[in-house]
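Trainee: Structure file data_26.pdb (PDB, C-alpha atoms) right here:
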```pdb
ATOM      1  CA  ASP A  12      14.314  40.152  -3.001  1.00  0.00           C
ATOM      2  CA  GLU A  13      10.953  39.461  -1.370  1.00  0.00           C
ATOM      3  CA  ALA A  14       9.046  41.118  -4.229  1.00  0.00           C
ATOM      4  CA  HIS A  15      11.071  39.119  -6.767  1.00  0.00           C
ATOM      5  CA  SER A  16      10.327  35.910  -4.896  1.00  0.00           C
ATOM      6  CA  ILE A  17       6.571  36.629  -4.946  1.00  0.00           C
ATOM      7  CA  TYR A  18       6.825  37.550  -8.631  1.00  0.00           C
ATOM      8  CA  ASN A  19       8.533  34.232  -9.393  1.00  0.00           C
ATOM      9  CA  ASP A  20       5.827  32.366  -7.470  1.00  0.00           C
ATOM     10  CA  LEU A  21       3.088  34.221  -9.345  1.00  0.00           C
ATOM     11  CA  PHE A  22       4.589  33.376 -12.733  1.00  0.00           C
ATOM     12  CA  ALA A  23       5.886  29.881 -11.901  1.00  0.00           C
ATOM     13  CA  ASP A  24       3.602  28.368 -14.551  1.00  0.00           C
ATOM     14  CA  CYS A  25       3.860  31.235 -17.033  1.00  0.00           C
ATOM     15  CA  SER A  26       7.272  31.359 -18.665  1.00  0.00           C
ATOM     16  CA  LEU A  27       8.328  33.486 -21.614  1.00  0.00           C
ATOM     17  CA  GLU A  28       7.690  30.445 -23.805  1.00  0.00           C
ATOM     18  CA  VAL A  29       4.108  30.157 -22.530  1.00  0.00           C
ATOM     19  CA  GLY A  30       3.455  33.790 -23.460  1.00  0.00           C
ATOM     20  CA  LYS A  31       5.048  33.397 -26.876  1.00  0.00           C
ATOM     21  CA  THR A  32       3.060  30.229 -27.580  1.00  0.00           C
ATOM     22  CA  LEU A  33      -0.266  31.757 -26.522  1.00  0.00           C
ATOM     23  CA  SER A  34       0.401  34.800 -28.693  1.00  0.00           C
ATOM     24  CA  LYS A  35       1.545  32.788 -31.706  1.00  0.00           C
ATOM     25  CA  GLU A  36      -1.372  30.362 -31.558  1.00  0.00           C
ATOM     26  CA  GLU A  37      -3.967  33.143 -31.423  1.00  0.00           C
ATOM     27  CA  ARG A  38      -2.248  35.106 -34.196  1.00  0.00           C
ATOM     28  CA  ASP A  39      -2.195  31.917 -36.328  1.00  0.00           C
ATOM     29  CA  VAL A  40      -5.905  31.211 -35.763  1.00  0.00           C
ATOM     30  CA  LYS A  41      -6.920  34.822 -36.446  1.00  0.00           C
ATOM     31  CA  ASP A  42      -4.510  35.185 -39.404  1.00  0.00           C
ATOM     32  CA  LEU A  43      -2.693  38.065 -37.686  1.00  0.00           C
ATOM     33  CA  ASN A  44       0.902  36.967 -38.253  1.00  0.00           C
ATOM     34  CA  ASP A  45       1.594  40.037 -40.400  1.00  0.00           C
ATOM     35  CA  GLU A  46       0.690  42.314 -37.463  1.00  0.00           C
ATOM     36  CA  LYS A  47       4.154  42.907 -36.012  1.00  0.00           C
ATOM     37  CA  SER A  48       2.616  44.998 -33.218  1.00  0.00           C
ATOM     38  CA  LEU A  49       1.166  41.787 -31.765  1.00  0.00           C
ATOM     39  CA  ILE A  50       4.494  39.962 -31.380  1.00  0.00           C
ATOM     40  CA  TYR A  51       4.887  38.899 -27.757  1.00  0.00           C
ATOM     41  CA  GLY A  52       7.579  40.366 -25.562  1.00  0.00           C
ATOM     42  CA  GLU A  53       8.001  40.827 -21.839  1.00  0.00           C
ATOM     43  CA  VAL A  54      10.161  42.651 -19.324  1.00  0.00           C
ATOM     44  CA  ASP A  55      12.843  41.352 -17.011  1.00  0.00           C
ATOM     45  CA  PHE A  56      11.865  41.954 -13.367  1.00  0.00           C
ATOM     46  CA  HIS A  57      15.212  43.437 -12.277  1.00  0.00           C
ATOM     47  CA  SER A  58      15.596  45.660 -15.332  1.00  0.00           C
ATOM     48  CA  PHE A  59      12.061  46.963 -14.997  1.00  0.00           C
ATOM     49  CA  TYR A  60      12.581  47.525 -11.274  1.00  0.00           C
ATOM     50  CA  ARG A  61      15.550  49.779 -12.135  1.00  0.00           C
ATOM     51  CA  VAL A  62      13.315  51.791 -14.483  1.00  0.00           C
ATOM     52  CA  LEU A  63      10.684  52.168 -11.767  1.00  0.00           C
ATOM     53  CA  ARG A  64      13.317  53.239  -9.224  1.00  0.00           C
ATOM     54  CA  LYS A  65      14.489  55.997 -11.563  1.00  0.00           C
ATOM     55  CA  ILE A  66      10.905  57.195 -11.982  1.00  0.00           C
ATOM     56  CA  ASN A  67      10.344  56.949  -8.211  1.00  0.00           C
ATOM     57  CA  PRO A  68       6.558  57.346  -8.382  1.00  0.00           C
ATOM     58  CA  ALA A  69       4.763  58.853  -5.412  1.00  0.00           C
ATOM     59  CA  PRO A  70       2.429  56.554  -3.459  1.00  0.00           C
ATOM     60  CA  GLY A  71      -1.119  56.444  -4.770  1.00  0.00           C
ATOM     61  CA  GLY A  72      -1.775  57.169  -8.390  1.00  0.00           C
ATOM     62  CA  VAL A  73      -2.448  54.898 -11.309  1.00  0.00           C
ATOM     63  CA  PHE A  74      -0.167  52.681 -13.408  1.00  0.00           C
ATOM     64  CA  TYR A  75      -1.126  51.413 -16.876  1.00  0.00           C
ATOM     65  CA  ASP A  76       0.576  48.729 -18.932  1.00  0.00           C
ATOM     66  CA  LEU A  77      -0.484  49.085 -22.580  1.00  0.00           C
ATOM     67  CA  GLY A  78      -0.193  45.723 -24.274  1.00  0.00           C
ATOM     68  CA  SER A  79       0.171  43.942 -20.947  1.00  0.00           C
ATOM     69  CA  GLY A  80       0.545  40.387 -22.245  1.00  0.00           C
ATOM     70  CA  THR A  81       0.553  37.907 -19.357  1.00  0.00           C
ATOM     71  CA  GLY A  82       0.985  40.739 -16.844  1.00  0.00           C
ATOM     72  CA  LYS A  83       4.686  40.635 -16.012  1.00  0.00           C
ATOM     73  CA  ALA A  84       5.330  44.406 -16.070  1.00  0.00           C
ATOM     74  CA  LEU A  85       2.004  44.941 -14.322  1.00  0.00           C
ATOM     75  CA  PHE A  86       2.991  42.709 -11.408  1.00  0.00           C
ATOM     76  CA  ALA A  87       6.596  43.858 -11.251  1.00  0.00           C
ATOM     77  CA  THR A  88       5.087  47.301 -10.693  1.00  0.00           C
ATOM     78  CA  ARG A  89       2.378  46.117  -8.314  1.00  0.00           C
ATOM     79  CA  LEU A  90       4.948  44.389  -6.103  1.00  0.00           C
ATOM     80  CA  VAL A  91       7.495  47.200  -5.850  1.00  0.00           C
ATOM     81  CA  CYS A  92       5.414  50.402  -6.037  1.00  0.00           C
ATOM     82  CA  ASP A  93       2.518  51.770  -4.020  1.00  0.00           C
ATOM     83  CA  PHE A  94       0.112  52.678  -6.803  1.00  0.00           C
ATOM     84  CA  SER A  95      -3.527  52.682  -5.782  1.00  0.00           C
ATOM     85  CA  ARG A  96      -4.372  50.935  -9.058  1.00  0.00           C
ATOM     86  CA  CYS A  97      -2.336  48.926 -11.558  1.00  0.00           C
ATOM     87  CA  ILE A  98      -4.128  48.242 -14.828  1.00  0.00           C
ATOM     88  CA  GLY A  99      -3.131  46.124 -17.813  1.00  0.00           C
ATOM     89  CA  ILE A 100      -4.766  46.251 -21.231  1.00  0.00           C
ATOM     90  CA  GLU A 101      -4.128  43.442 -23.732  1.00  0.00           C
ATOM     91  CA  ILE A 102      -5.703  42.902 -27.145  1.00  0.00           C
ATOM     92  CA  LEU A 103      -5.029  39.157 -27.511  1.00  0.00           C
ATOM     93  CA  GLN A 104      -7.649  37.082 -25.690  1.00  0.00           C
ATOM     94  CA  ALA A 105      -5.298  34.191 -24.833  1.00  0.00           C
ATOM     95  CA  LEU A 106      -2.743  36.485 -23.190  1.00  0.00           C
ATOM     96  CA  HIS A 107      -5.510  38.334 -21.361  1.00  0.00           C
ATOM     97  CA  LYS A 108      -6.925  35.039 -20.073  1.00  0.00           C
ATOM     98  CA  GLN A 109      -3.479  34.066 -18.747  1.00  0.00           C
ATOM     99  CA  ALA A 110      -3.080  37.486 -17.094  1.00  0.00           C
ATOM    100  CA  ALA A 111      -6.537  37.156 -15.525  1.00  0.00           C
ATOM    101  CA  ALA A 112      -5.461  33.811 -14.031  1.00  0.00           C
ATOM    102  CA  ILE A 113      -2.377  35.527 -12.584  1.00  0.00           C
ATOM    103  CA  VAL A 114      -4.580  38.290 -11.113  1.00  0.00           C
ATOM    104  CA  HIS A 115      -6.760  35.610  -9.509  1.00  0.00           C
ATOM    105  CA  LYS A 116      -3.704  33.837  -8.074  1.00  0.00           C
ATOM    106  CA  TYR A 117      -2.380  37.163  -6.772  1.00  0.00           C
ATOM    107  CA  ASN A 118      -5.692  38.013  -5.094  1.00  0.00           C
ATOM    108  CA  GLU A 119      -6.018  34.556  -3.523  1.00  0.00           C
ATOM    109  CA  GLU A 120      -2.435  33.961  -2.391  1.00  0.00           C
ATOM    110  CA  PHE A 121      -0.391  37.161  -2.260  1.00  0.00           C
ATOM    111  CA  ARG A 122      -2.397  40.375  -2.047  1.00  0.00           C
ATOM    112  CA  ASP A 123      -2.843  40.202   1.730  1.00  0.00           C
ATOM    113  CA  MET A 124       0.947  39.989   2.144  1.00  0.00           C
ATOM    114  CA  LEU A 125       1.403  43.528   0.825  1.00  0.00           C
ATOM    115  CA  SER A 126       1.001  46.853   2.608  1.00  0.00           C
ATOM    116  CA  ALA A 127      -2.486  47.519   3.904  1.00  0.00           C
ATOM    117  CA  GLY A 128      -1.884  51.246   3.321  1.00  0.00           C
ATOM    118  CA  MET A 129      -2.862  50.913  -0.341  1.00  0.00           C
ATOM    119  CA  HIS A 130      -5.592  48.943  -2.073  1.00  0.00           C
ATOM    120  CA  GLN A 131      -2.968  46.843  -3.906  1.00  0.00           C
ATOM    121  CA  THR A 132      -5.361  46.153  -6.766  1.00  0.00           C
ATOM    122  CA  ALA A 133      -4.341  44.777 -10.118  1.00  0.00           C
ATOM    123  CA  ASN A 134      -6.826  44.607 -12.974  1.00  0.00           C
ATOM    124  CA  VAL A 135      -6.558  43.420 -16.546  1.00  0.00           C
ATOM    125  CA  TYR A 136      -8.824  44.233 -19.461  1.00  0.00           C
ATOM    126  CA  VAL A 137      -9.062  42.789 -22.943  1.00  0.00           C
ATOM    127  CA  GLY A 138      -9.165  45.039 -25.995  1.00  0.00           C
ATOM    128  CA  SER A 139      -7.120  47.607 -27.827  1.00  0.00           C
ATOM    129  CA  PHE A 140      -5.578  50.168 -25.518  1.00  0.00           C
ATOM    130  CA  LEU A 141      -6.541  52.715 -28.159  1.00  0.00           C
ATOM    131  CA  ASP A 142     -10.171  52.084 -27.140  1.00  0.00           C
ATOM    132  CA  PHE A 143      -9.570  52.768 -23.431  1.00  0.00           C
ATOM    133  CA  ASP A 144      -9.198  56.028 -21.543  1.00  0.00           C
ATOM    134  CA  TRP A 145      -5.873  55.886 -19.713  1.00  0.00           C
ATOM    135  CA  SER A 146      -5.510  59.647 -19.362  1.00  0.00           C
ATOM    136  CA  ASP A 147      -5.708  59.349 -15.549  1.00  0.00           C
ATOM    137  CA  GLY A 148      -2.430  57.409 -15.509  1.00  0.00           C
ATOM    138  CA  ASP A 149       0.467  58.721 -13.452  1.00  0.00           C
ATOM    139  CA  VAL A 150       2.866  56.229 -15.039  1.00  0.00           C
ATOM    140  CA  VAL A 151       1.972  54.610 -18.350  1.00  0.00           C
ATOM    141  CA  PHE A 152       4.154  51.882 -19.826  1.00  0.00           C
ATOM    142  CA  ALA A 153       4.265  50.188 -23.224  1.00  0.00           C
ATOM    143  CA  ASN A 154       6.755  47.489 -24.131  1.00  0.00           C
ATOM    144  CA  SER A 155       6.548  48.796 -27.677  1.00  0.00           C
ATOM    145  CA  THR A 156       9.575  47.104 -29.215  1.00  0.00           C
ATOM    146  CA  CYS A 157       7.534  45.693 -32.103  1.00  0.00           C
ATOM    147  CA  TYR A 158       4.778  48.310 -32.333  1.00  0.00           C
ATOM    148  CA  ASP A 159       4.409  49.647 -35.855  1.00  0.00           C
ATOM    149  CA  ASP A 160       4.664  53.351 -36.671  1.00  0.00           C
ATOM    150  CA  ASP A 161       0.902  53.871 -36.901  1.00  0.00           C
ATOM    151  CA  LEU A 162       0.311  52.365 -33.468  1.00  0.00           C
ATOM    152  CA  MET A 163       3.147  54.423 -31.960  1.00  0.00           C
ATOM    153  CA  THR A 164       1.693  57.578 -33.499  1.00  0.00           C
ATOM    154  CA  SER A 165      -1.823  56.811 -32.223  1.00  0.00           C
ATOM    155  CA  MET A 166      -0.481  55.985 -28.771  1.00  0.00           C
ATOM    156  CA  GLY A 167       1.519  59.218 -28.758  1.00  0.00           C
ATOM    157  CA  GLU A 168      -1.563  61.224 -29.705  1.00  0.00           C
ATOM    158  CA  MET A 169      -3.512  59.666 -26.839  1.00  0.00           C
ATOM    159  CA  ALA A 170      -0.628  60.371 -24.453  1.00  0.00           C
ATOM    160  CA  LYS A 171      -1.177  64.087 -25.034  1.00  0.00           C
ATOM    161  CA  ALA A 172      -4.261  63.748 -22.795  1.00  0.00           C
ATOM    162  CA  LEU A 173      -2.179  62.617 -19.814  1.00  0.00           C
ATOM    163  CA  LYS A 174      -2.155  65.057 -16.910  1.00  0.00           C
ATOM    164  CA  PRO A 175       0.871  67.278 -16.309  1.00  0.00           C
ATOM    165  CA  GLY A 176       3.628  65.369 -14.550  1.00  0.00           C
ATOM    166  CA  ALA A 177       2.537  61.965 -15.822  1.00  0.00           C
ATOM    167  CA  ILE A 178       5.334  59.754 -17.108  1.00  0.00           C
ATOM    168  CA  PHE A 179       5.002  57.687 -20.266  1.00  0.00           C
ATOM    169  CA  VAL A 180       7.620  54.973 -20.731  1.00  0.00           C
ATOM    170  CA  THR A 181       8.097  53.066 -23.980  1.00  0.00           C
ATOM    171  CA  PHE A 182      10.703  50.459 -24.874  1.00  0.00           C
ATOM    172  CA  THR A 183      11.843  50.369 -28.479  1.00  0.00           C
TER     173      THR A 183
END
```
Kindly transcribe the structure held in the file into structure tokens.
Mentor:
Amino acid sequence: DEAHSIYNDLFADCSLEVGKTLSKEERDVKDLNDEKSLIYGEVDFHSFYRVLRKINPAPGGVFYDLGSGTGKALFATRLVCDFSRCIGIEILQALHKQAAAIVHKYNEEFRDMLSAGMHQTANVYVGSFLDFDWSDGDVVFANSTCYDDDLMTSMGEMAKALKPGAIFVTFT
């Protein structure tokens, strides 16, 4: 309940509609509306928490969110798991900018409230996750409901580089 409360405070000004609008506006400006892989979607905190509980990741390690949007899965994870690093990668600049604002808010207002046993870092990067090395991930997540077949195939090929025991979660 405490983690959910912090999560709600973090995203008080960043609703689903905000994420959808930011995504749609950038796709309109860049003429990317035919790119179904860029359609905005996000996770529900409680549902994602249940997924994380089933995985039961060991403390430490690295979490990646591929296509991290405004950072909702990233922060659901950051608030309920003891990863040493949580990293989001988003290709749309507007969504990345919103996620970066959430990271700033987290660092300023909430980070010190969490366990001092871990670094409790959260970082977001802009660009295609296909251009990043996420092979050090212990848990890698992609809310891939709208990802096209080519992107899923490329992501799957990159996942082959994950270390033994790593968990790769996709939603379709």
Trainee: Residues near range 109-120 of chain A, anyone? I mean within 6 Å using all atoms listed in the file, not counting same-chain ones fewer than 2 positions away, as a list of chain:residue names.
Mentor: A:Thr81, A:Gly82, A:Leu106, A:His107, A:Arg122
Trainee: Residues of range 80-154 of chain A that have any atom at most 12 Å from an atom of range 33-57 of chain A: could you tabulate them with the shortest-distance atom pair and the distance in Å to one decimal, using all atoms listed in the file, ordered by chain and increasing number, as a Markdown table?
Mentor:
```
| residue | atom | partner | partner_atom | distance |
| --- | --- | --- | --- | --- |
| A:Gly80 | CA | A:Tyr51 | CA | 7.2 |
| A:Thr81 | CA | A:Glu53 | CA | 8.4 |
| A:Gly82 | CA | A:Glu53 | CA | 8.6 |
| A:Lys83 | CA | A:Glu53 | CA | 6.7 |
| A:Ala84 | CA | A:Val54 | CA | 6.1 |
| A:Leu85 | CA | A:Val54 | CA | 9.8 |
| A:Phe86 | CA | A:Phe56 | CA | 9.1 |
| A:Ala87 | CA | A:Phe56 | CA | 6.0 |
| A:Thr88 | CA | A:Phe56 | CA | 9.0 |
| A:Arg89 | CA | A:Phe56 | CA | 11.5 |
| A:Leu90 | CA | A:Phe56 | CA | 10.3 |
| A:Val91 | CA | A:Phe56 | CA | 10.2 |
| A:Glu101 | CA | A:Leu49 | CA | 9.8 |
| A:Ile102 | CA | A:Leu49 | CA | 8.4 |
| A:Leu103 | CA | A:Ser34 | CA | 7.1 |
| A:Gln104 | CA | A:Glu37 | CA | 7.9 |
| A:Ala105 | CA | A:Leu33 | CA | 5.8 |
| A:Leu106 | CA | A:Leu33 | CA | 6.3 |
| A:His107 | CA | A:Leu33 | CA | 9.9 |
| A:Lys108 | CA | A:Leu33 | CA | 9.8 |
| A:Gln109 | CA | A:Leu33 | CA | 8.7 |
| A:Ala110 | CA | A:Leu33 | CA | 11.4 |
| A:Ser139 | CA | A:Leu49 | CA | 10.9 |
| A:Phe152 | CA | A:Val54 | CA | 11.0 |
| A:Ala153 | CA | A:Glu53 | CA | 10.2 |
| A:Asn154 | CA | A:Glu53 | CA | 7.2 |
```
Trainee: Which is closest to Asn19 in chain A among A:Phe179, A:Tyr158, A:Phe121, A:Phe140, if we use only C-alpha atoms?
Mentor: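 Counting only C-alpha atoms, the residue closest to Asn19 in chain A is A:Phe121.
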Trainee: Please report the interatomic distance between CA of Thr132 in chain A and CA of Asp12 in chain A in Å with one decimal.
Mentor: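 CA of Asp12 in chain A lies at a distance of 20.9 Å from CA of Thr132 in chain A.
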Trainee: Just the number, please: distance in Å from CA of Met166 in chain A to CA of Ala133 in chain A, one decimal.
Mentor: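 So the answer is 22.1 Å.
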Trainee: Which is closer to Leu162 in chain A than all the others in A:Gly99, A:Gly30, A:Gly78, A:Pro70, using all atoms listed in the file?
Mentor: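 Looking at the shortest contact to Leu162 in chain A, the residue is A:Gly78.
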Trainee: To one decimal place, how far is CA of Val73 in chain A from CA of Leu141 in chain A in Å?
Mentor: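 Atom-to-atom, CA of Val73 in chain A and CA of Leu141 in chain A are spaced 17.5 Å apart.
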Trainee: Please write the residues picked by the PyMOL selection byres ((chain A and resi 93) around 8) on this file as a VMD selection string.
Mentor: chain A and resid 69 to 71 89 91 to 92 94 to 95 129 131
Trainee: Applying the PyMOL selection byres ((chain A and resi 150) around 6) to the file I just gave you, which residues come out? Please list them as a ChimeraX atom specification.
Mentor: /A:74,148-149,151,177-179
Trainee: Between A:Ile100, A:Tyr60, A:Leu173, A:Thr156, which has the minimum distance to Phe143 in chain A (counting all atoms listed in the file)?
Mentor: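 Selected residue with least distance to Phe143 in chain A: A:Ile100.
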Trainee: Work out where the centre of an axis-aligned box around every listed atom of range 53-67 of chain A lies and how long its edges are once 3 Å is added on each side; give both in Å to one decimal as AutoDock Vina command-line options.
Mentor:
```
--center_x 11.8 --center_y 49.0 --center_z -15.0 --size_x 13.6 --size_y 22.4 --size_z 19.6
```
Trainee: Compare A:Asp142, A:Asp20, A:Asp147, A:Glu13 by their minimum atom-to-atom distance to Tyr75 in chain A, counting all atoms listed in the file, and give me the closest one.
Mentor: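 Selected residue with least distance to Tyr75 in chain A: A:Asp147.
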Trainee: Taking only C-alpha atoms into account, which of A:Thr183, A:Leu77, A:Pro68, A:Val135 comes nearest Asp159 in chain A?
Mentor: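 Among the listed residues, the smallest separation from Asp159 in chain A belongs to A:Thr183.
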Trainee: Quick one: range 19-54 of chain A with N, CA and C atoms, as a short mmCIF file (atom, residue, chain, number, x, y, z; two decimals), in the coordinates of the input?
Mentor:
```cif
data_model
loop_
_atom_site.label_atom_id
_atom_site.label_comp_id
_atom_site.auth_asym_id
_atom_site.auth_seq_id
_atom_site.Cartn_x
_atom_site.Cartn_y
_atom_site.Cartn_z
N ASN A 19 8.19 35.55 -8.86
CA ASN A 19 8.53 34.23 -9.39
C ASN A 19 7.46 33.20 -9.06
N ASP A 20 6.91 33.28 -7.84
CA ASP A 20 5.83 32.37 -7.47
C ASP A 20 4.58 32.61 -8.32
N LEU A 21 4.26 33.88 -8.53
CA LEU A 21 3.09 34.22 -9.35
C LEU A 21 3.21 33.66 -10.76
N PHE A 22 4.39 33.76 -11.33
CA PHE A 22 4.59 33.38 -12.73
C PHE A 22 5.28 32.02 -12.89
N ALA A 23 5.23 31.19 -11.86
CA ALA A 23 5.89 29.88 -11.90
C ALA A 23 5.42 29.04 -13.09
N ASP A 24 4.15 29.16 -13.45
CA ASP A 24 3.60 28.37 -14.55
C ASP A 24 3.41 29.18 -15.83
N CYS A 25 4.06 30.34 -15.89
CA CYS A 25 3.86 31.24 -17.03
C CYS A 25 5.20 31.79 -17.49
N SER A 26 5.95 30.96 -18.17
CA SER A 26 7.27 31.36 -18.66
C SER A 26 7.15 32.23 -19.92
N LEU A 27 8.27 32.75 -20.35
CA LEU A 27 8.33 33.49 -21.61
C LEU A 27 7.78 32.62 -22.74
N GLU A 28 8.14 31.35 -22.75
CA GLU A 28 7.69 30.44 -23.80
C GLU A 28 6.17 30.28 -23.80
N VAL A 29 5.57 30.25 -22.61
CA VAL A 29 4.11 30.16 -22.53
C VAL A 29 3.48 31.38 -23.19
N GLY A 30 3.97 32.56 -22.86
CA GLY A 30 3.46 33.79 -23.46
C GLY A 30 3.62 33.81 -24.97
N LYS A 31 4.80 33.43 -25.43
CA LYS A 31 5.05 33.40 -26.88
C LYS A 31 4.11 32.42 -27.58
N THR A 32 3.91 31.24 -26.98
CA THR A 32 3.06 30.23 -27.58
C THR A 32 1.61 30.69 -27.63
N LEU A 33 1.11 31.25 -26.54
CA LEU A 33 -0.27 31.76 -26.52
C LEU A 33 -0.47 32.82 -27.60
N SER A 34 0.48 33.73 -27.70
CA SER A 34 0.40 34.80 -28.69
C SER A 34 0.43 34.23 -30.11
N LYS A 35 1.37 33.35 -30.37
CA LYS A 35 1.54 32.79 -31.71
C LYS A 35 0.32 31.99 -32.13
N GLU A 36 -0.21 31.18 -31.21
CA GLU A 36 -1.37 30.36 -31.56
C GLU A 36 -2.58 31.24 -31.91
N GLU A 37 -2.82 32.28 -31.12
CA GLU A 37 -3.97 33.14 -31.42
C GLU A 37 -3.74 33.92 -32.72
N ARG A 38 -2.52 34.39 -32.94
CA ARG A 38 -2.25 35.11 -34.20
C ARG A 38 -2.39 34.18 -35.39
N ASP A 39 -2.02 32.89 -35.25
CA ASP A 39 -2.19 31.92 -36.33
C ASP A 39 -3.68 31.72 -36.63
N VAL A 40 -4.47 31.48 -35.59
CA VAL A 40 -5.90 31.21 -35.76
C VAL A 40 -6.62 32.41 -36.38
N LYS A 41 -6.24 33.61 -35.97
CA LYS A 41 -6.92 34.82 -36.45
C LYS A 41 -6.24 35.44 -37.67
N ASP A 42 -5.24 34.72 -38.23
CA ASP A 42 -4.51 35.18 -39.40
C ASP A 42 -3.95 36.60 -39.19
N LEU A 43 -3.26 36.77 -38.05
CA LEU A 43 -2.69 38.06 -37.69
C LEU A 43 -1.16 38.05 -37.65
N ASN A 44 -0.55 37.08 -38.32
CA ASN A 44 0.90 36.97 -38.25
C ASN A 44 1.64 38.12 -38.92
N ASP A 45 0.96 38.87 -39.78
CA ASP A 45 1.59 40.04 -40.40
C ASP A 45 1.55 41.27 -39.50
N GLU A 46 0.81 41.20 -38.40
CA GLU A 46 0.69 42.31 -37.46
C GLU A 46 1.86 42.29 -36.50
N LYS A 47 2.96 42.96 -36.85
CA LYS A 47 4.15 42.91 -36.01
C LYS A 47 3.92 43.52 -34.63
N SER A 48 2.93 44.38 -34.51
CA SER A 48 2.62 45.00 -33.22
C SER A 48 2.11 43.99 -32.20
N LEU A 49 1.70 42.80 -32.66
CA LEU A 49 1.17 41.79 -31.76
C LEU A 49 2.20 40.74 -31.35
N ILE A 50 3.45 40.91 -31.77
CA ILE A 50 4.49 39.96 -31.38
C ILE A 50 4.72 40.08 -29.88
N TYR A 51 4.78 38.93 -29.21
CA TYR A 51 4.89 38.90 -27.76
C TYR A 51 6.30 39.25 -27.28
N GLY A 52 6.33 40.05 -26.24
CA GLY A 52 7.58 40.37 -25.56
C GLY A 52 7.26 40.65 -24.11
N GLU A 53 8.23 40.53 -23.25
CA GLU A 53 8.00 40.83 -21.84
C GLU A 53 9.23 41.46 -21.22
N VAL A 54 9.07 41.96 -20.01
CA VAL A 54 10.16 42.65 -19.32
C VAL A 54 10.85 41.71 -18.35
#
```
